[in-house]
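Remarks on the structure that follows.
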Amino acid sequence: MNLLLLKNSDNTIDIVAKQGATWEFFVNCGINLTGYTARGQIRASYAAIDAVEFAVSIIPPATDGKLRILLGADSSASLAAYKDNIDPSRRATYKGAGVYVYDIEIESQDGYVTRLLEGRIYVDPEVTR
């Protein structure tokens, strides 16, 4: 399993992810996404200039309201990992390298932006390179 998604009490979703693996998950938005675009980014902090882009696509038919969120293995390998394997139950104590913030948004053709998901990503280190 390359990803573990964990819901927090504030409705954010934390992700524990494997460095160097393909990250892929799906979201059902519950609305018709006809005419919408979708996007997502990962950053080391909210203020960081550099970002890694998720490939976010609307799965046809758009009327079903489903998204595919993908980050390729090369992109996940480029992210610094935490110094040790991540223990999901202790994730709130982890700080620094290997801990990122992310969000996923949709935008209507009228320019109205909705943030669907947000939280932290904890990158579990890869051994095989």
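Scheme for the structure tokens: letters A, B, ... for chains in order shown; per-chain residue numbers from 1; ligand numbers from 1 in order shown.
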Please report as a Markdown table every residue of region 29-116 of chain A lying within 12 Å of region 5-8 of chain A, along with the nearest atom pair and their distance in Å (one decimal), using only C-alpha atoms.
| residue | atom | partner | partner_atom | distance |
| --- | --- | --- | --- | --- |
| A:Pro88 | CA | A:Leu6 | CA | 8.3 |
| A:Ser89 | CA | A:Leu6 | CA | 9.8 |
| A:Arg91 | CA | A:Leu6 | CA | 10.2 |
| A:Ala92 | CA | A:Asn8 | CA | 10.4 |
Expected file contents, prior selection, C-alpha atoms, as a JSON list (two decimals), in the first residue's frame:
[["chain", "number", "residue", "atom", "x", "y", "z"],
["A", 88, "PRO", "CA", 0.63, 6.92, 11.71],
["A", 89, "SER", "CA", -0.47, 7.03, 15.35],
["A", 91, "ARG", "CA", 2.20, 11.61, 13.03],
["A", 92, "ALA", "CA", 1.27, 14.78, 14.92]]
| note | Correct to one decimal, the distance CA of Arg90 (chain A)-CA of Glu24 (chain A) is 23.5 Å
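Checking A:Phe25, A:Asn32, A:Val16, A:Asp10 one by one against Thr63 (chain A), counting only C-alpha atoms, you find the shortest gap at A:Asn32.
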| field | Exercise: region 39-41 of chain A partners within 12 Å, only C-alpha atoms, chain neighbours under 3 positions left out, as a PyMOL selection string | value | chain A and resi 36+44-46+48-58+67-71+75+100-108+113-121
With N, CA and C atoms retained, write the just-selected residues as a JSON list (two decimals), in the first residue's frame.
[["chain", "number", "residue", "atom", "x", "y", "z"],
["A", 36, "TYR", "N", -16.01, 22.07, -14.71],
["A", 36, "TYR", "CA", -15.03, 22.34, -13.66],
["A", 36, "TYR", "C", -13.63, 21.92, -14.12],
["A", 44, "ALA", "N", 6.28, 22.35, 1.13],
["A", 44, "ALA", "CA", 6.95, 22.10, 2.40],
["A", 44, "ALA", "C", 6.29, 22.87, 3.55],
["A", 45, "SER", "N", 5.68, 24.00, 3.23],
["A", 45, "SER", "CA", 4.93, 24.80, 4.21],
["A", 45, "SER", "C", 3.92, 25.64, 3.44],
["A", 46, "TYR", "N", 2.99, 26.24, 4.14],
["A", 46, "TYR", "CA", 2.00, 27.07, 3.46],
["A", 46, "TYR", "C", 2.65, 28.25, 2.74],
["A", 48, "ALA", "N", 5.78, 28.27, 1.44],
["A", 48, "ALA", "CA", 6.84, 27.85, 0.51],
["A", 48, "ALA", "C", 6.50, 28.25, -0.92],
["A", 49, "ILE", "N", 7.51, 28.69, -1.65],
["A", 49, "ILE", "CA", 7.32, 29.09, -3.04],
["A", 49, "ILE", "C", 7.25, 27.86, -3.94],
["A", 50, "ASP", "N", 8.15, 26.90, -3.73],
["A", 50, "ASP", "CA", 8.20, 25.70, -4.57],
["A", 50, "ASP", "C", 7.04, 24.77, -4.26],
["A", 51, "ALA", "N", 6.50, 24.18, -5.32],
["A", 51, "ALA", "CA", 5.38, 23.25, -5.15],
["A", 51, "ALA", "C", 5.56, 22.06, -6.08],
["A", 52, "VAL", "N", 5.03, 20.94, -5.68],
["A", 52, "VAL", "CA", 4.92, 19.75, -6.52],
["A", 52, "VAL", "C", 3.45, 19.61, -6.87],
["A", 53, "GLU", "N", 3.18, 19.45, -8.16],
["A", 53, "GLU", "CA", 1.79, 19.39, -8.64],
["A", 53, "GLU", "C", 1.26, 17.97, -8.66],
["A", 54, "PHE", "N", 0.09, 17.78, -8.08],
["A", 54, "PHE", "CA", -0.65, 16.55, -8.31],
["A", 54, "PHE", "C", -1.25, 16.63, -9.71],
["A", 55, "ALA", "N", -1.39, 15.50, -10.39],
["A", 55, "ALA", "CA", -2.18, 15.43, -11.61],
["A", 55, "ALA", "C", -3.60, 15.09, -11.15],
["A", 56, "VAL", "N", -4.50, 16.04, -11.26],
["A", 56, "VAL", "CA", -5.88, 15.84, -10.81],
["A", 56, "VAL", "C", -6.78, 15.88, -12.04],
["A", 57, "SER", "N", -7.54, 14.82, -12.23],
["A", 57, "SER", "CA", -8.41, 14.75, -13.40],
["A", 57, "SER", "C", -9.82, 14.36, -13.00],
["A", 58, "ILE", "N", -10.76, 14.86, -13.77],
["A", 58, "ILE", "CA", -12.16, 14.52, -13.58],
["A", 58, "ILE", "C", -12.41, 13.24, -14.38],
["A", 67, "LEU", "N", -13.04, 12.35, -8.95],
["A", 67, "LEU", "CA", -11.70, 12.82, -9.29],
["A", 67, "LEU", "C", -10.67, 11.71, -9.11],
["A", 68, "ARG", "N", -9.66, 11.74, -9.94],
["A", 68, "ARG", "CA", -8.47, 10.89, -9.78],
["A", 68, "ARG", "C", -7.32, 11.82, -9.43],
["A", 69, "ILE", "N", -6.62, 11.53, -8.34],
["A", 69, "ILE", "CA", -5.48, 12.32, -7.89],
["A", 69, "ILE", "C", -4.24, 11.43, -7.98],
["A", 70, "LEU", "N", -3.22, 11.90, -8.69],
["A", 70, "LEU", "CA", -2.06, 11.09, -8.99],
["A", 70, "LEU", "C", -0.77, 11.89, -8.81],
["A", 71, "LEU", "N", 0.23, 11.23, -8.25],
["A", 71, "LEU", "CA", 1.60, 11.75, -8.22],
["A", 71, "LEU", "C", 2.49, 10.59, -8.64],
["A", 75, "SER", "N", 8.13, 11.91, -9.13],
["A", 75, "SER", "CA", 7.80, 13.09, -8.32],
["A", 75, "SER", "C", 7.83, 12.78, -6.83],
["A", 100, "TYR", "N", 4.83, 17.61, 4.75],
["A", 100, "TYR", "CA", 4.38, 18.60, 3.78],
["A", 100, "TYR", "C", 2.91, 18.95, 4.02],
["A", 101, "VAL", "N", 2.46, 20.03, 3.39],
["A", 101, "VAL", "CA", 1.04, 20.37, 3.37],
["A", 101, "VAL", "C", 0.55, 20.22, 1.93],
["A", 102, "TYR", "N", -0.74, 19.97, 1.78],
["A", 102, "TYR", "CA", -1.32, 19.82, 0.44],
["A", 102, "TYR", "C", -2.75, 20.29, 0.46],
["A", 103, "ASP", "N", -3.28, 20.55, -0.72],
["A", 103, "ASP", "CA", -4.72, 20.68, -0.88],
["A", 103, "ASP", "C", -5.11, 20.32, -2.30],
["A", 104, "ILE", "N", -6.39, 20.00, -2.46],
["A", 104, "ILE", "CA", -7.00, 19.67, -3.74],
["A", 104, "ILE", "C", -8.19, 20.60, -3.91],
["A", 105, "GLU", "N", -8.26, 21.28, -5.07],
["A", 105, "GLU", "CA", -9.33, 22.24, -5.32],
["A", 105, "GLU", "C", -10.02, 21.95, -6.66],
["A", 106, "ILE", "N", -11.26, 22.39, -6.74],
["A", 106, "ILE", "CA", -11.97, 22.42, -8.02],
["A", 106, "ILE", "C", -12.35, 23.87, -8.29],
["A", 107, "GLU", "N", -12.46, 24.21, -9.58],
["A", 107, "GLU", "CA", -12.86, 25.57, -9.96],
["A", 107, "GLU", "C", -13.94, 25.48, -11.02],
["A", 108, "SER", "N", -15.05, 26.18, -10.79],
["A", 108, "SER", "CA", -16.15, 26.20, -11.75],
["A", 108, "SER", "C", -15.78, 27.08, -12.92],
["A", 113, "VAL", "N", -13.85, 28.83, -6.63],
["A", 113, "VAL", "CA", -12.92, 27.79, -6.19],
["A", 113, "VAL", "C", -13.41, 27.17, -4.89],
["A", 114, "THR", "N", -13.38, 25.84, -4.86],
["A", 114, "THR", "CA", -13.76, 25.08, -3.66],
["A", 114, "THR", "C", -12.61, 24.16, -3.29],
["A", 115, "ARG", "N", -12.17, 24.26, -2.04],
["A", 115, "ARG", "CA", -11.14, 23.34, -1.55],
["A", 115, "ARG", "C", -11.82, 22.08, -1.06],
["A", 116, "LEU", "N", -11.51, 20.96, -1.68],
["A", 116, "LEU", "CA", -12.15, 19.69, -1.34],
["A", 116, "LEU", "C", -11.41, 18.94, -0.23],
["A", 117, "LEU", "N", -10.09, 18.94, -0.32],
["A", 117, "LEU", "CA", -9.26, 18.21, 0.63],
["A", 117, "LEU", "C", -8.08, 19.07, 1.03],
["A", 118, "GLU", "N", -7.61, 18.87, 2.25],
["A", 118, "GLU", "CA", -6.38, 19.50, 2.70],
["A", 118, "GLU", "C", -5.86, 18.74, 3.90],
["A", 119, "GLY", "N", -4.58, 18.91, 4.14],
["A", 119, "GLY", "CA", -3.98, 18.26, 5.29],
["A", 119, "GLY", "C", -2.47, 18.21, 5.15],
["A", 120, "ARG", "N", -1.88, 17.26, 5.83],
["A", 120, "ARG", "CA", -0.43, 17.06, 5.79],
["A", 120, "ARG", "C", -0.11, 15.74, 5.11],
["A", 121, "ILE", "N", 1.05, 15.71, 4.48],
["A", 121, "ILE", "CA", 1.58, 14.49, 3.90],
["A", 121, "ILE", "C", 2.87, 14.15, 4.65]]
| Could you pull the residues within 10 Å of Val127 (chain A), counting only C-alpha atoms, minus those fewer than 3 positions along the same chain, as a list in words? | Gln19, Gly20 and Asp124 of chain A
| Between A:Ile86, A:Trp23, A:Gly30, A:Gln109, which one has atoms that come closest to Tyr122 (chain A), using only C-alpha atoms? |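 Distance minimum relative to Tyr122 (chain A) lands on A:Ile86.
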| query | By how many Å are CA of Asn85 (chain A) and CA of Arg129 (chain A) apart? | reply |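 Computed distance, CA of Asn85 (chain A) to CA of Arg129 (chain A), equals 16.1 Å.
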| task | Could you tell me, as number ranges by chain, which residues of chain A DSSP assigns to strand (DSSP E) when given the backbone? | result | A: 3-7, 13-18, 23-28, 37-43, 52-59, 66-71, 99-107, 113-124
| task | Counting only C-alpha atoms, figure out which residue out of A:Ile59, A:Ala21, A:Val99, A:Ile31 gets nearest to Glu126 (chain A). | result |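 The shortest atom-to-atom distance to Glu126 (chain A) comes from A:Ala21.
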| In chain A, DSSP helix (DSSP H, G or I) residues written as JSON, numbers by chain | {"A": [62, 63, 64, 73, 74, 75, 76, 77, 88, 89, 90, 91, 92, 93]}
Same residues, all heavy atoms, saved as an mmCIF file, in the first residue's frame:
data_model
loop_
_atom_site.group_PDB
_atom_site.id
_atom_site.type_symbol
_atom_site.label_atom_id
_atom_site.label_comp_id
_atom_site.auth_asym_id
_atom_site.auth_seq_id
_atom_site.Cartn_x
_atom_site.Cartn_y
_atom_site.Cartn_z
ATOM 1 N N ALA A 62 -18.389 13.438 -16.141
ATOM 2 C CA ALA A 62 -18.238 14.488 -15.118
ATOM 3 C C ALA A 62 -19.465 14.582 -14.213
ATOM 4 O O ALA A 62 -19.358 15.014 -13.064
ATOM 5 C CB ALA A 62 -17.965 15.829 -15.790
ATOM 6 N N THR A 63 -20.601 14.148 -14.719
ATOM 7 C CA THR A 63 -21.829 14.204 -13.920
ATOM 8 C C THR A 63 -21.758 13.318 -12.683
ATOM 9 O O THR A 63 -22.482 13.533 -11.715
ATOM 10 C CB THR A 63 -23.054 13.795 -14.769
ATOM 11 O OG1 THR A 63 -22.789 12.528 -15.373
ATOM 12 C CG2 THR A 63 -23.338 14.844 -15.848
ATOM 13 N N ASP A 64 -20.854 12.322 -12.691
ATOM 14 C CA ASP A 64 -20.690 11.442 -11.521
ATOM 15 C C ASP A 64 -19.898 12.095 -10.393
ATOM 16 O O ASP A 64 -19.888 11.595 -9.270
ATOM 17 C CB ASP A 64 -20.009 10.132 -11.917
ATOM 18 C CG ASP A 64 -20.942 9.199 -12.671
ATOM 19 O OD1 ASP A 64 -22.155 9.499 -12.771
ATOM 20 O OD2 ASP A 64 -20.447 8.170 -13.173
ATOM 21 N N ALA A 73 5.846 8.233 -9.534
ATOM 22 C CA ALA A 73 6.941 7.744 -8.699
ATOM 23 C C ALA A 73 8.143 8.690 -8.723
ATOM 24 O O ALA A 73 8.773 8.916 -7.686
ATOM 25 C CB ALA A 73 7.348 6.340 -9.147
ATOM 26 N N ASP A 74 8.477 9.254 -9.894
ATOM 27 C CA ASP A 74 9.608 10.181 -9.968
ATOM 28 C C ASP A 74 9.361 11.419 -9.112
ATOM 29 O O ASP A 74 10.273 11.913 -8.450
ATOM 30 C CB ASP A 74 9.885 10.605 -11.413
ATOM 31 C CG ASP A 74 10.489 9.494 -12.254
ATOM 32 O OD1 ASP A 74 10.980 8.499 -11.666
ATOM 33 O OD2 ASP A 74 10.472 9.618 -13.489
ATOM 34 N N SER A 75 8.132 11.915 -9.132
ATOM 35 C CA SER A 75 7.803 13.093 -8.323
ATOM 36 C C SER A 75 7.834 12.781 -6.834
ATOM 37 O O SER A 75 8.333 13.580 -6.036
ATOM 38 C CB SER A 75 6.436 13.646 -8.714
ATOM 39 O OG SER A 75 6.461 14.142 -10.032
ATOM 40 N N SER A 76 7.304 11.621 -6.443
ATOM 41 C CA SER A 76 7.325 11.289 -5.014
ATOM 42 C C SER A 76 8.750 11.014 -4.546
ATOM 43 O O SER A 76 9.109 11.304 -3.407
ATOM 44 C CB SER A 76 6.394 10.117 -4.679
ATOM 45 O OG SER A 76 6.942 8.887 -5.046
ATOM 46 N N ALA A 77 9.603 10.491 -5.447
ATOM 47 C CA ALA A 77 11.014 10.264 -5.094
ATOM 48 C C ALA A 77 11.754 11.582 -4.884
ATOM 49 O O ALA A 77 12.731 11.635 -4.127
ATOM 50 C CB ALA A 77 11.698 9.439 -6.181
ATOM 51 N N PRO A 88 1.819 6.073 11.867
ATOM 52 C CA PRO A 88 0.632 6.915 11.706
ATOM 53 C C PRO A 88 0.033 7.414 13.022
ATOM 54 O O PRO A 88 -0.490 8.520 13.088
ATOM 55 C CB PRO A 88 -0.351 6.011 10.956
ATOM 56 C CG PRO A 88 0.513 5.049 10.232
ATOM 57 C CD PRO A 88 1.693 4.811 11.142
ATOM 58 N N SER A 89 0.120 6.624 14.071
ATOM 59 C CA SER A 89 -0.474 7.033 15.346
ATOM 60 C C SER A 89 0.318 8.158 16.020
ATOM 61 O O SER A 89 -0.199 8.815 16.915
ATOM 62 C CB SER A 89 -0.582 5.835 16.291
ATOM 63 O OG SER A 89 0.717 5.391 16.672
ATOM 64 N N ARG A 90 1.553 8.402 15.567
ATOM 65 C CA ARG A 90 2.391 9.445 16.159
ATOM 66 C C ARG A 90 2.624 10.605 15.197
ATOM 67 O O ARG A 90 3.473 11.460 15.445
ATOM 68 C CB ARG A 90 3.741 8.843 16.581
ATOM 69 C CG ARG A 90 3.608 7.785 17.670
ATOM 70 C CD ARG A 90 4.959 7.288 18.179
ATOM 71 N NE ARG A 90 5.792 8.396 18.613
ATOM 72 C CZ ARG A 90 7.033 8.633 18.135
ATOM 73 N NH1 ARG A 90 7.572 7.844 17.246
ATOM 74 N NH2 ARG A 90 7.727 9.653 18.577
ATOM 75 N N ARG A 91 1.898 10.648 14.085
ATOM 76 C CA ARG A 91 2.201 11.611 13.030
ATOM 77 C C ARG A 91 2.172 13.068 13.483
ATOM 78 O O ARG A 91 2.913 13.887 12.965
ATOM 79 C CB ARG A 91 1.301 11.398 11.827
ATOM 80 C CG ARG A 91 -0.166 11.712 12.056
ATOM 81 C CD ARG A 91 -1.000 11.288 10.860
ATOM 82 N NE ARG A 91 -2.381 11.682 10.996
ATOM 83 C CZ ARG A 91 -3.279 11.034 11.716
ATOM 84 N NH1 ARG A 91 -2.929 9.938 12.361
ATOM 85 N NH2 ARG A 91 -4.525 11.468 11.780
ATOM 86 N N ALA A 92 1.348 13.401 14.459
ATOM 87 C CA ALA A 92 1.265 14.785 14.919
ATOM 88 C C ALA A 92 2.569 15.260 15.557
ATOM 89 O O ALA A 92 2.813 16.468 15.651
ATOM 90 C CB ALA A 92 0.111 14.948 15.900
ATOM 91 N N THR A 93 3.423 14.345 15.957
ATOM 92 C CA THR A 93 4.694 14.730 16.589
ATOM 93 C C THR A 93 5.798 14.971 15.572
ATOM 94 O O THR A 93 6.853 15.486 15.926
ATOM 95 C CB THR A 93 5.166 13.647 17.588
ATOM 96 O OG1 THR A 93 5.484 12.451 16.872
ATOM 97 C CG2 THR A 93 4.103 13.363 18.632
#
| field | Shell around Cys29 (chain A) at 7 Å using only C-alpha atoms, local window under 2 positions removed, as a PyMOL selection string | value | chain A and resi 27+31+65-66
